[in-house]
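Dumped upload-v1.pdb below, it's PDB, C-alpha atoms and all ligand atoms:
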ATOM      1  CA  MET F   1     114.729  74.895-127.735
ATOM      2  CA  PRO F   2     111.723  76.652-126.270
ATOM      3  CA  SER F   3     110.136  79.160-128.576
ATOM      4  CA  GLY F   4     109.760  81.820-125.907
ATOM      5  CA  PHE F   5     106.493  82.603-124.236
ATOM      6  CA  GLU F   6     103.884  79.981-125.059
ATOM      7  CA  ALA F   7     100.654  78.656-123.578
ATOM      8  CA  PRO F   8     101.512  77.437-120.069
ATOM      9  CA  PRO F   9     100.649  74.015-118.679
ATOM     10  CA  THR F  10      98.825  73.541-115.391
ATOM     11  CA  PRO F  11     100.589  75.582-112.688
ATOM     12  CA  ALA F  12     102.944  73.675-110.390
ATOM     13  CA  VAL F  13     101.806  75.343-107.162
ATOM     14  CA  PRO F  14      98.257  75.274-105.891
ATOM     15  CA  ASP F  15      96.181  78.413-106.157
ATOM     16  CA  GLY F  16      96.912  80.791-103.318
ATOM     17  CA  HIS F  17      95.168  84.020-102.495
ATOM     18  CA  LEU F  18      96.739  85.554-105.623
ATOM     19  CA  SER F  19      94.343  83.627-107.837
ATOM     20  CA  ALA F  20      90.747  84.841-107.822
ATOM     21  CA  PRO F  21      87.946  82.336-108.421
ATOM     22  CA  GLY F  22      86.742  81.957-111.980
ATOM     23  CA  PRO F  23      88.747  82.297-115.175
ATOM     24  CA  VAL F  24      92.184  83.708-114.395
ATOM     25  CA  ALA F  25      94.917  84.622-116.866
ATOM     26  CA  PRO F  26      97.847  82.224-116.446
ATOM     27  CA  PRO F  27     100.810  83.791-114.647
ATOM     28  CA  ILE F  28     103.711  84.998-116.734
ATOM     29  CA  LEU F  29     106.052  83.981-113.947
ATOM     30  CA  GLU F  30     105.749  81.348-111.284
ATOM     31  CA  ILE F  31     108.160  80.721-108.440
ATOM     32  CA  ALA F  32     107.788  77.126-107.307
ATOM     33  CA  SER F  33     109.245  75.934-103.976
ATOM     34  CA  LEU F  34     112.405  77.937-104.553
ATOM     35  CA  ALA F  35     115.413  77.804-102.219
ATOM     36  CA  VAL F  36     118.379  80.066-102.971
ATOM     37  CA  GLY F  37     121.681  80.802-101.298
ATOM     38  CA  PHE F  38     125.445  80.596-101.523
ATOM     39  CA  ARG F  39     127.605  77.541-100.891
ATOM     40  CA  HIS F  40     126.019  75.885 -97.840
ATOM     41  CA  ARG F  41     124.083  78.934 -96.715
ATOM     42  CA  VAL F  42     120.374  79.100 -97.510
ATOM     43  CA  VAL F  43     119.266  82.730 -97.903
ATOM     44  CA  GLN F  44     115.583  82.118 -98.775
ATOM     45  CA  ARG F  45     113.616  78.880 -99.020
ATOM     46  CA  ASP F  46     110.109  77.500 -99.649
ATOM     47  CA  LEU F  47     109.258  80.446-101.881
ATOM     48  CA  SER F  48     106.151  79.975-104.005
ATOM     49  CA  PHE F  49     104.323  82.817-105.680
ATOM     50  CA  ARG F  50     102.876  83.825-109.019
ATOM     51  CA  VAL F  51     103.255  87.034-110.945
ATOM     52  CA  ARG F  52     100.168  87.983-112.953
ATOM     53  CA  ARG F  53     100.660  89.137-116.513
ATOM     54  CA  GLY F  54     100.492  92.919-116.682
ATOM     55  CA  SER F  55     101.015  93.422-112.955
ATOM     56  CA  VAL F  56     103.674  95.341-111.067
ATOM     57  CA  PHE F  57     104.818  92.813-108.484
ATOM     58  CA  ALA F  58     106.961  93.927-105.543
ATOM     59  CA  VAL F  59     109.555  91.839-103.749
ATOM     60  CA  MET F  60     109.804  93.501-100.356
ATOM     61  CA  GLY F  61     111.801  92.955 -97.188
ATOM     62  CA  GLY F  62     114.576  94.427 -95.070
ATOM     63  CA  SER F  63     118.162  94.829 -96.170
ATOM     64  CA  GLY F  64     120.003  91.579 -96.641
ATOM     65  CA  CYS F  65     116.934  89.313 -96.552
ATOM     66  CA  GLY F  66     117.751  87.966-100.001
ATOM     67  CA  LYS F  67     115.693  89.944-102.521
ATOM     68  CA  SER F  68     118.524  90.397-105.023
ATOM     69  CA  THR F  69     119.541  86.763-104.614
ATOM     70  CA  VAL F  70     115.997  85.664-105.491
ATOM     71  CA  LEU F  71     116.009  88.035-108.457
ATOM     72  CA  ARG F  72     119.252  86.513-109.722
ATOM     73  CA  ALA F  73     117.686  83.040-109.606
ATOM     74  CA  ILE F  74     114.646  84.362-111.497
ATOM     75  CA  ALA F  75     116.894  85.997-114.098
ATOM     76  CA  GLY F  76     118.672  82.694-114.711
ATOM     77  CA  LEU F  77     121.942  83.914-113.200
ATOM     78  CA  LEU F  78     122.102  81.909-109.959
ATOM     79  CA  ARG F  79     121.114  78.248-109.816
ATOM     80  CA  PRO F  80     118.631  77.645-106.966
ATOM     81  CA  PHE F  81     119.286  74.934-104.380
ATOM     82  CA  GLU F  82     115.734  73.692-104.890
ATOM     83  CA  GLY F  83     112.595  74.455-106.852
ATOM     84  CA  ASP F  84     112.272  76.251-110.141
ATOM     85  CA  VAL F  85     111.285  79.416-111.927
ATOM     86  CA  LEU F  86     108.580  78.938-114.566
ATOM     87  CA  LEU F  87     108.396  81.458-117.369
ATOM     88  CA  ASP F  88     105.042  80.984-119.014
ATOM     89  CA  GLY F  89     105.180  77.427-117.752
ATOM     90  CA  THR F  90     108.717  76.636-118.936
ATOM     91  CA  PRO F  91     110.958  75.582-116.020
ATOM     92  CA  LEU F  92     114.040  77.744-116.441
ATOM     93  CA  TRP F  93     116.396  75.656-114.371
ATOM     94  CA  ARG F  94     115.568  72.391-116.108
ATOM     95  CA  LEU F  95     116.777  73.797-119.431
ATOM     96  CA  ARG F  96     120.258  73.417-120.854
ATOM     97  CA  PRO F  97     122.432  76.527-120.332
ATOM     98  CA  ALA F  98     122.056  77.766-123.923
ATOM     99  CA  GLU F  99     118.275  77.305-123.783
ATOM    100  CA  ARG F 100     118.124  79.030-120.414
ATOM    101  CA  ALA F 101     120.131  81.954-121.761
ATOM    102  CA  ALA F 102     117.779  82.212-124.754
ATOM    103  CA  LEU F 103     114.674  82.166-122.562
ATOM    104  CA  GLY F 104     116.355  84.570-120.151
ATOM    105  CA  ARG F 105     116.392  87.149-122.917
ATOM    106  CA  SER F 106     112.634  87.442-122.581
ATOM    107  CA  MET F 107     113.421  89.201-119.290
ATOM    108  CA  GLY F 108     114.885  92.680-119.219
ATOM    109  CA  VAL F 109     116.967  93.157-116.090
ATOM    110  CA  LEU F 110     117.883  96.420-114.399
ATOM    111  CA  PHE F 111     120.443  95.702-111.700
ATOM    112  CA  GLN F 112     120.761  97.659-108.495
ATOM    113  CA  ASN F 113     123.670  99.780-109.709
ATOM    114  CA  GLY F 114     122.160 100.038-113.213
ATOM    115  CA  ALA F 115     125.656  99.483-114.570
ATOM    116  CA  LEU F 116     126.221 100.906-118.044
ATOM    117  CA  TRP F 117     129.450 100.287-119.934
ATOM    118  CA  SER F 118     131.367 103.471-119.149
ATOM    119  CA  SER F 119     133.463 103.368-122.331
ATOM    120  CA  LEU F 120     130.380 103.162-124.597
ATOM    121  CA  SER F 121     128.014 105.999-125.395
ATOM    122  CA  VAL F 122     124.427 105.801-124.168
ATOM    123  CA  ALA F 123     123.263 104.739-127.646
ATOM    124  CA  GLU F 124     126.007 102.107-127.907
ATOM    125  CA  ASN F 125     124.964 100.715-124.521
ATOM    126  CA  VAL F 126     121.361 100.332-125.668
ATOM    127  CA  ALA F 127     122.466  98.902-129.033
ATOM    128  CA  LEU F 128     124.600  96.194-127.443
ATOM    129  CA  PRO F 129     121.874  93.586-126.737
ATOM    130  CA  LEU F 130     120.441  94.153-130.220
ATOM    131  CA  GLN F 131     123.839  93.661-131.835
ATOM    132  CA  LEU F 132     124.595  90.586-129.736
ATOM    133  CA  PHE F 133     121.266  88.802-129.989
ATOM    134  CA  ALA F 134     118.944  90.242-132.625
ATOM    135  CA  ARG F 135     121.032  90.076-135.835
ATOM    136  CA  LEU F 136     119.487  93.182-137.342
ATOM    137  CA  PRO F 137     120.869  95.497-140.024
ATOM    138  CA  PRO F 138     122.774  98.457-138.472
ATOM    139  CA  GLY F 139     120.152 100.969-139.678
ATOM    140  CA  VAL F 140     117.379  99.091-137.891
ATOM    141  CA  VAL F 141     119.469  98.893-134.714
ATOM    142  CA  THR F 142     119.981 102.668-134.838
ATOM    143  CA  GLU F 143     116.237 103.245-135.237
ATOM    144  CA  LEU F 144     115.348 100.845-132.422
ATOM    145  CA  VAL F 145     117.900 102.474-130.112
ATOM    146  CA  GLN F 146     116.382 105.873-130.840
ATOM    147  CA  LEU F 147     112.923 104.466-130.133
ATOM    148  CA  LYS F 148     113.983 102.998-126.768
ATOM    149  CA  LEU F 149     115.743 106.196-125.734
ATOM    150  CA  ALA F 150     112.649 108.229-126.637
ATOM    151  CA  LEU F 151     110.521 105.773-124.643
ATOM    152  CA  VAL F 152     112.509 106.458-121.461
ATOM    153  CA  GLY F 153     112.613 110.213-122.069
ATOM    154  CA  LEU F 154     116.193 110.488-123.353
ATOM    155  CA  PRO F 155     115.650 111.170-127.065
ATOM    156  CA  ASP F 156     118.622 113.528-127.391
ATOM    157  CA  HIS F 157     121.117 111.798-125.132
ATOM    158  CA  GLY F 158     122.359 108.899-127.252
ATOM    159  CA  ARG F 159     125.712 110.497-128.045
ATOM    160  CA  LEU F 160     126.552 111.270-124.434
ATOM    161  CA  MET F 161     128.762 109.056-122.316
ATOM    162  CA  PRO F 162     127.255 107.554-119.127
ATOM    163  CA  ALA F 163     129.471 109.804-116.977
ATOM    164  CA  GLU F 164     127.784 112.840-118.545
ATOM    165  CA  LEU F 165     124.331 111.786-117.315
ATOM    166  CA  SER F 166     122.673 112.450-113.971
ATOM    167  CA  GLY F 167     121.867 109.482-111.732
ATOM    168  CA  GLY F 168     118.228 109.502-112.834
ATOM    169  CA  MET F 169     119.199 109.666-116.490
ATOM    170  CA  ARG F 170     121.608 106.759-116.024
ATOM    171  CA  LYS F 171     118.752 104.679-114.588
ATOM    172  CA  ARG F 172     116.623 105.586-117.583
ATOM    173  CA  ALA F 173     119.412 104.698-119.986
ATOM    174  CA  ALA F 174     119.880 101.358-118.236
ATOM    175  CA  LEU F 175     116.122 100.843-118.482
ATOM    176  CA  ALA F 176     116.287 101.558-122.236
ATOM    177  CA  ARG F 177     118.976  98.892-122.511
ATOM    178  CA  ALA F 178     116.850  96.438-120.480
ATOM    179  CA  LEU F 179     113.993  97.146-122.923
ATOM    180  CA  ALA F 180     116.134  96.718-126.030
ATOM    181  CA  LEU F 181     114.905  93.222-126.875
ATOM    182  CA  ASP F 182     111.230  94.028-126.132
ATOM    183  CA  PRO F 183     110.995  91.720-123.105
ATOM    184  CA  PRO F 184     107.487  90.912-121.863
ATOM    185  CA  LEU F 185     108.903  90.821-118.308
ATOM    186  CA  LEU F 186     111.091  93.436-116.606
ATOM    187  CA  LEU F 187     113.077  92.716-113.440
ATOM    188  CA  LEU F 188     114.018  95.913-111.616
ATOM    189  CA  ASP F 189     116.337  95.833-108.605
ATOM    190  CA  GLU F 190     115.842  99.039-106.621
ATOM    191  CA  PRO F 191     115.386 101.280-109.666
ATOM    192  CA  SER F 192     114.868 104.432-107.604
ATOM    193  CA  ALA F 193     117.759 103.924-105.169
ATOM    194  CA  GLY F 194     119.771 107.119-104.929
ATOM    195  CA  LEU F 195     117.254 109.261-106.808
ATOM    196  CA  ASP F 196     115.636 112.404-105.455
ATOM    197  CA  PRO F 197     111.869 112.142-104.819
ATOM    198  CA  VAL F 198     110.917 113.860-108.078
ATOM    199  CA  SER F 199     113.176 111.676-110.234
ATOM    200  CA  SER F 200     111.975 108.665-108.298
ATOM    201  CA  ARG F 201     108.368 109.564-109.001
ATOM    202  CA  ARG F 202     109.122 110.101-112.703
ATOM    203  CA  LEU F 203     110.622 106.635-112.801
ATOM    204  CA  ASP F 204     107.467 105.267-111.166
ATOM    205  CA  GLU F 205     105.393 106.943-113.860
ATOM    206  CA  LEU F 206     107.629 105.475-116.543
ATOM    207  CA  VAL F 207     107.195 101.977-115.087
ATOM    208  CA  LEU F 208     103.422 102.419-115.144
ATOM    209  CA  GLU F 209     103.575 103.706-118.733
ATOM    210  CA  LEU F 210     105.529 100.609-119.755
ATOM    211  CA  ARG F 211     102.975  98.412-118.034
ATOM    212  CA  ASP F 212      99.895 100.219-119.331
ATOM    213  CA  GLY F 213     101.177 101.151-122.799
ATOM    214  CA  LEU F 214     103.188  98.069-123.711
ATOM    215  CA  GLY F 215     101.652  95.459-121.412
ATOM    216  CA  ILE F 216     105.010  94.723-119.794
ATOM    217  CA  THR F 217     104.921  92.823-116.502
ATOM    218  CA  VAL F 218     107.251  94.253-113.884
ATOM    219  CA  LEU F 219     108.867  92.483-110.944
ATOM    220  CA  LEU F 220     110.314  95.134-108.712
ATOM    221  CA  ILE F 221     112.593  95.128-105.690
ATOM    222  CA  SER F 222     112.230  98.309-103.713
ATOM    223  CA  HIS F 223     112.585  99.822-100.261
ATOM    224  CA  GLU F 224     110.856 103.011-101.321
ATOM    225  CA  LEU F 225     107.459 102.913 -99.645
ATOM    226  CA  PRO F 226     105.979 105.809-101.659
ATOM    227  CA  SER F 227     106.997 104.046-104.838
ATOM    228  CA  LEU F 228     105.672 100.693-103.658
ATOM    229  CA  PHE F 229     102.304 102.128-102.647
ATOM    230  CA  ALA F 230     102.026 104.044-105.911
ATOM    231  CA  ILE F 231     102.841 101.380-108.466
ATOM    232  CA  ALA F 232     102.820  97.829-107.088
ATOM    233  CA  ASP F 233      99.566  95.915-107.228
ATOM    234  CA  ASP F 234     100.830  92.642-105.781
ATOM    235  CA  GLY F 235     103.845  91.361-103.952
ATOM    236  CA  VAL F 236     105.626  89.186-101.477
ATOM    237  CA  PHE F 237     107.440  90.068 -98.257
ATOM    238  CA  LEU F 238     110.656  88.171 -97.450
ATOM    239  CA  ASP F 239     112.006  87.862 -93.931
ATOM    240  CA  ALA F 240     115.713  87.542 -93.130
ATOM    241  CA  ASP F 241     115.321  85.654 -89.834
ATOM    242  CA  ARG F 242     112.706  83.154 -90.978
ATOM    243  CA  ARG F 243     114.412  82.999 -94.397
ATOM    244  CA  THR F 244     111.161  82.754 -96.280
ATOM    245  CA  ALA F 245     108.109  84.739 -97.396
ATOM    246  CA  ILE F 246     105.995  85.839 -94.454
ATOM    247  CA  ALA F 247     103.322  87.815 -96.339
ATOM    248  CA  HIS F 248     101.725  87.991 -99.781
ATOM    249  CA  GLY F 249      99.692  90.870-101.208
ATOM    250  CA  SER F 250      99.946  94.406-102.500
ATOM    251  CA  PRO F 251     102.034  96.840-100.435
ATOM    252  CA  ARG F 252      98.832  98.669 -99.474
ATOM    253  CA  GLU F 253      97.168  95.463 -98.316
ATOM    254  CA  LEU F 254     100.203  94.547 -96.271
ATOM    255  CA  ARG F 255     100.372  98.025 -94.773
ATOM    256  CA  ASP F 256      96.702  98.097 -93.861
ATOM    257  CA  THR F 257      95.900  94.540 -92.843
ATOM    258  CA  ASP F 258      98.919  92.306 -92.344
ATOM    259  CA  PRO F 259      99.195  91.185 -88.732
ATOM    260  CA  ASP F 260     102.884  90.253 -88.750
ATOM    261  CA  PRO F 261     104.920  92.699 -86.597
ATOM    262  CA  THR F 262     107.929  92.633 -88.955
ATOM    263  CA  VAL F 263     105.729  93.441 -91.942
ATOM    264  CA  ARG F 264     103.890  96.171 -90.068
ATOM    265  CA  ARG F 265     107.085  97.811 -88.889
ATOM    266  CA  PHE F 266     108.501  97.833 -92.413
ATOM    267  CA  MET F 267     105.328  99.006 -94.135
ATOM    268  CA  HIS F 268     104.798 101.794 -91.583
ATOM    269  CA  ARG F 269     108.484 102.730 -91.524
ATOM    270  CA  ASP F 270     108.348 102.653 -87.781
ATOM    271  CA  PRO F 271     110.526 100.438 -85.565
ATOM    272  CA  ASP F 272     108.194 100.732 -82.561
ATOM    273  CA  ARG F 273     104.674 101.368 -83.723
ATOM    274  CA  LEU F 274     102.369  98.398 -84.245
ATOM    275  CA  PRO F 275      98.983  99.808 -85.296
ATOM    276  CA  ALA F 276      95.969  97.552 -85.116
ATOM    277  CA  ALA F 277      95.001  95.953 -88.411
ATOM    278  CA  GLY F 278      92.647  98.167 -90.408
ATOM    279  CA  GLN F 279      93.503 101.286 -88.400
ATOM    280  CA  SER F 280      96.526 102.560 -90.257
ATOM    281  CA  ARG F 281      97.046 106.185 -91.137
ATOM    282  CA  PRO F 282      97.645 107.246 -94.752
ATOM    283  CA  ALA F 283     101.332 106.882 -95.506
ATOM    284  CA  GLU F 284     103.496 109.657 -96.886
ATOM    285  CA  GLY F 285     103.482 108.049-100.316
ATOM    286  CA  ASP F 286      99.696 108.145-100.568
ATOM    287  CA  LEU F 287      99.696 111.883-100.105
ATOM    288  CA  ARG F 288     102.585 112.515-102.418
ATOM    289  CA  HIS F 289     101.095 110.388-105.166
ATOM    290  CA  GLY F 290      97.624 111.783-104.687
ATOM    291  CA  PHE F 291      95.941 108.508-103.707
TER     292      PHE F 291
HETATM  293  N1  LIG H 301     127.914  86.517-103.926
HETATM  294  C1  LIG H 301     127.582  86.270-102.659
HETATM  295  N2  LIG H 301     128.243  85.340-101.949
HETATM  296  C2  LIG H 301     127.915  85.058-100.662
HETATM  297  N3  LIG H 301     126.908  85.681 -99.997
HETATM  298  C3  LIG H 301     126.225  86.619-100.659
HETATM  299  C4  LIG H 301     126.509  86.966-102.017
HETATM  300  N4  LIG H 301     125.641  87.931-102.412
HETATM  301  C5  LIG H 301     124.844  88.183-101.339
HETATM  302  N5  LIG H 301     125.197  87.390-100.305
HETATM  303  C6  LIG H 301     124.549  87.370 -98.986
HETATM  304  O1  LIG H 301     123.209  86.927 -99.157
HETATM  305  C7  LIG H 301     122.336  87.640 -98.292
HETATM  306  C8  LIG H 301     121.230  88.275 -99.112
HETATM  307  O2  LIG H 301     121.798  89.287 -99.933
HETATM  308  P1  LIG H 301     120.899  90.093-100.979
HETATM  309  O3  LIG H 301     121.792  91.059-101.656
HETATM  310  O4  LIG H 301     120.163  89.110-101.810
HETATM  311  O5  LIG H 301     119.894  90.820-100.013
HETATM  312  P2  LIG H 301     118.877  92.015-100.344
HETATM  313  O6  LIG H 301     117.621  91.706 -99.633
HETATM  314  O7  LIG H 301     118.807  92.212-101.819
HETATM  315  O8  LIG H 301     119.638  93.235 -99.652
HETATM  316  P3  LIG H 301     119.531  94.822 -99.941
HETATM  317  O9  LIG H 301     118.102  95.213 -99.720
HETATM  318  O10 LIG H 301     120.420  95.403 -98.900
HETATM  319  O11 LIG H 301     120.007  95.050-101.337
HETATM  320  C9  LIG H 301     123.206  88.644 -97.538
HETATM  321  O12 LIG H 301     123.509  88.114 -96.280
HETATM  322  C10 LIG H 301     124.451  88.746 -98.370
HETATM  323  O13 LIG H 301     125.570  89.042 -97.582
END
Kindly transcribe the structure held in the file into structure tokens.
Amino acid sequence: MPSGFEAPPTPAVPDGHLSAPGPVAPPILEIASLAVGFRHRVVQRDLSFRVRRGSVFAVMGGSGCGKSTVLRAIAGLLRPFEGDVLLDGTPLWRLRPAERAALGRSMGVLFQNGALWSSLSVAENVALPLQLFARLPPGVVTELVQLKLALVGLPDHGRLMPAELSGGMRKRAALARALALDPPLLLLDEPSAGLDPVSSRRLDELVLELRDGLGITVLLISHELPSLFAIADDGVFLDADRRTAIAHGSPRELRDTDPDPTVRRFMHRDPDRLPAAGQSRPAEGDLRHGF
């Protein structure tokens, strides 16, 4: 059984623009020639990209292009048609199911609906992964739960039921649960969906705190341009029609320089406008986040 995150072997995909010349830290996550879909339908194919350790990496693209499907393959929940997902060099989909499940626990996943168990209190929700997988004495579990809840700004909410929380608080509680096992990699599927702009920005700040304070790498699916511009430093853009990645780079780079009309329309939130590369106006998110 793999022992978790270890020194990676030589990467399986050649260096793309994501790798600068000179010594480069090995990626924590590598997507190698991935094809995903359902039954006979390919949703995305030929996907190859690397996620740098300590980065916030955005998976972007219009509704229905396959972002969540790709995330499920990365999380070890949906077997890809082709290719593999390498976690610190270990090919997830070549492992036996029990090994894959064990390695999968080094990823904390926040699903789109951030589903908490409604019949369990907030603290019990966060405790669940620890009780299932960590085999710790109950007192230690209680302390760790308190620590995680404090980390996400809910130190006094453990006794509440999920229904008693606001939408933003529920996201935070789900994030605390995703952090329960101290994963080095967080997968977030539209964490700010349904939140007001202030709550959304607080969540952005929390993601950056987790990255900067704990060194957690974050792979993020989001439609929220302000959020993407504020926190993501790398990314990939998936296209529904071409069923593959059509751009790589940070959301700001894609907004300012990518020539593809689909990318430009999305990044400028404008169905008609196609500004010339390098001549974009500051987006709303830049102003709101003070960049
Ligand atoms: N369980 C499933 N079975 C069959 N098809 C599915 C299933 N889940 C998703 N799909 C289809 O796969 C395609 C990609 O869906 P997915 O949810 O990955 O897109 P997305 O980019 O995450 O969308 P959104 O931004 O709206 O959340 C869609 O056409 C969807 O209908």
**OP:** Return as a PyMOL selection string the residues of protein, DNA or RNA that approach ligand LIG 301 (chain H) to within 9 Å, with all atoms listed in the file taken into account.
**Re:** chain F and resi 37-39+41-44+60-72+112+189-190+221-223+238-240
Original post:
Can you list what the PyMOL selection byres (((chain F and resi 160-170) around 6) and not hetatm) grabs from this structure, as a list in words?
Top reply: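 Output of the PyMOL selection byres (((chain F and resi 160-170) around 6) and not hetatm): Ser118, Ser121, Val122, His157, Gly158, Arg159, Lys171, Arg172 and Ala173 of chain F.
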Centre, x/y/z edge lengths, axis-aligned box for region 159-165 of chain F with 3 Å per side, as lines of an AutoDock Vina configuration file:
center_x = 126.9
center_y = 110.2
center_z = -122.5
size_x = 11.1
size_y = 11.3
size_z = 17.1
**OP:** List the residues selected by the PyMOL selection byres (((chain F and resi 194-199) around 10) and not hetatm) in the file shown, writing them as a list in words.
**Re:**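 Taken over the shown coordinates, the PyMOL selection byres (((chain F and resi 194-199) around 10) and not hetatm) returns Asn113, Ser166, Gly167, Gly168, Met169, Lys171, Glu190, Pro191, Ser192, Ala193, Ser200, Arg201, Arg202, Leu203, Asp204, Glu205, Glu224, Pro226, Ser227 and Arg288 of chain F.
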Taking the file as shown, what set of residues would the PyMOL selection byres (((chain F and resi 245-247) around 12) and not hetatm) give back, as a JSON list (two decimals) with C-alpha atoms, in the coordinates of the input?
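And here's expr-v6.json as it stands now:
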[["chain", "number", "residue", "atom", "x", "y", "z"],
["F", 16, "GLY", "CA", 96.91, 80.79, -103.32],
["F", 17, "HIS", "CA", 95.17, 84.02, -102.50],
["F", 18, "LEU", "CA", 96.74, 85.55, -105.62],
["F", 31, "ILE", "CA", 108.16, 80.72, -108.44],
["F", 33, "SER", "CA", 109.24, 75.93, -103.98],
["F", 34, "LEU", "CA", 112.40, 77.94, -104.55],
["F", 35, "ALA", "CA", 115.41, 77.80, -102.22],
["F", 43, "VAL", "CA", 119.27, 82.73, -97.90],
["F", 44, "GLN", "CA", 115.58, 82.12, -98.78],
["F", 45, "ARG", "CA", 113.62, 78.88, -99.02],
["F", 46, "ASP", "CA", 110.11, 77.50, -99.65],
["F", 47, "LEU", "CA", 109.26, 80.45, -101.88],
["F", 48, "SER", "CA", 106.15, 79.97, -104.00],
["F", 49, "PHE", "CA", 104.32, 82.82, -105.68],
["F", 58, "ALA", "CA", 106.96, 93.93, -105.54],
["F", 59, "VAL", "CA", 109.56, 91.84, -103.75],
["F", 60, "MET", "CA", 109.80, 93.50, -100.36],
["F", 61, "GLY", "CA", 111.80, 92.96, -97.19],
["F", 62, "GLY", "CA", 114.58, 94.43, -95.07],
["F", 65, "CYS", "CA", 116.93, 89.31, -96.55],
["F", 66, "GLY", "CA", 117.75, 87.97, -100.00],
["F", 67, "LYS", "CA", 115.69, 89.94, -102.52],
["F", 70, "VAL", "CA", 116.00, 85.66, -105.49],
["F", 234, "ASP", "CA", 100.83, 92.64, -105.78],
["F", 235, "GLY", "CA", 103.84, 91.36, -103.95],
["F", 236, "VAL", "CA", 105.63, 89.19, -101.48],
["F", 237, "PHE", "CA", 107.44, 90.07, -98.26],
["F", 238, "LEU", "CA", 110.66, 88.17, -97.45],
["F", 239, "ASP", "CA", 112.01, 87.86, -93.93],
["F", 240, "ALA", "CA", 115.71, 87.54, -93.13],
["F", 241, "ASP", "CA", 115.32, 85.65, -89.83],
["F", 242, "ARG", "CA", 112.71, 83.15, -90.98],
["F", 243, "ARG", "CA", 114.41, 83.00, -94.40],
["F", 244, "THR", "CA", 111.16, 82.75, -96.28],
["F", 248, "HIS", "CA", 101.72, 87.99, -99.78],
["F", 249, "GLY", "CA", 99.69, 90.87, -101.21],
["F", 250, "SER", "CA", 99.95, 94.41, -102.50],
["F", 251, "PRO", "CA", 102.03, 96.84, -100.44],
["F", 253, "GLU", "CA", 97.17, 95.46, -98.32],
["F", 254, "LEU", "CA", 100.20, 94.55, -96.27],
["F", 255, "ARG", "CA", 100.37, 98.02, -94.77],
["F", 257, "THR", "CA", 95.90, 94.54, -92.84],
["F", 258, "ASP", "CA", 98.92, 92.31, -92.34],
["F", 259, "PRO", "CA", 99.20, 91.18, -88.73],
["F", 260, "ASP", "CA", 102.88, 90.25, -88.75],
["F", 261, "PRO", "CA", 104.92, 92.70, -86.60],
["F", 262, "THR", "CA", 107.93, 92.63, -88.96],
["F", 263, "VAL", "CA", 105.73, 93.44, -91.94],
["F", 264, "ARG", "CA", 103.89, 96.17, -90.07],
["F", 266, "PHE", "CA", 108.50, 97.83, -92.41],
["F", 267, "MET", "CA", 105.33, 99.01, -94.14]]
Subject >> Residue nearest Glu99 (chain F) among F:Gly76, F:Gly83, F:Arg265, F:Leu149 (counting all atoms listed in the file) >> reply: F:Gly76
**OP:** Would you mind telling me which residue in F:Ala115, F:Leu219, F:Ala178, F:Ala75 lies nearest to Ala102 (chain F) when using only C-alpha atoms?
**Re:** F:Ala75
**OP:** In Å, rounded to a single decimal, give me how far CA of Leu110 (chain F) is from CA of Arg252 (chain F).
**Re:**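 It comes out at 24.3 Å.
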Subject >> Residue among F:Ala101, F:Ile231, F:Leu181, F:Met107 lying closest to Ala134 (chain F), counting only C-alpha atoms >> reply: F:Leu181
Original post:
If we count only C-alpha atoms, what is near Leu144 (chain F) at a cut-off of 9 Å, once residues fewer than 4 positions away on the same chain are taken out, given as a list in words?
Top reply: Ala127, Leu130, Gly139, Val140, Lys148, Leu149 and Ala180 of chain F
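Between CA of His40 (chain F) and CA of Pro80 (chain F) the separation is 11.9 Å.
Between CA of Glu143 (chain F) and CA of Leu116 (chain F) the separation is 20.0 Å.
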Original post:
Using all atoms listed in the file, which of the listed residues (F:Leu186, F:Leu29, F:Leu206, F:Ala123) sits closest to Leu92 (chain F)?
Top reply: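 For Leu92 (chain F), the nearest of the candidates is F:Leu29.
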Original post:
Which one of F:Ala174, F:Leu187, F:Leu220, F:Ser106 sits closest to Asn125 (chain F) if you count all atoms listed in the file?
Top reply: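 Ranking F:Ala174, F:Leu187, F:Leu220, F:Ser106 by distance to Asn125 (chain F), first place goes to F:Ala174.
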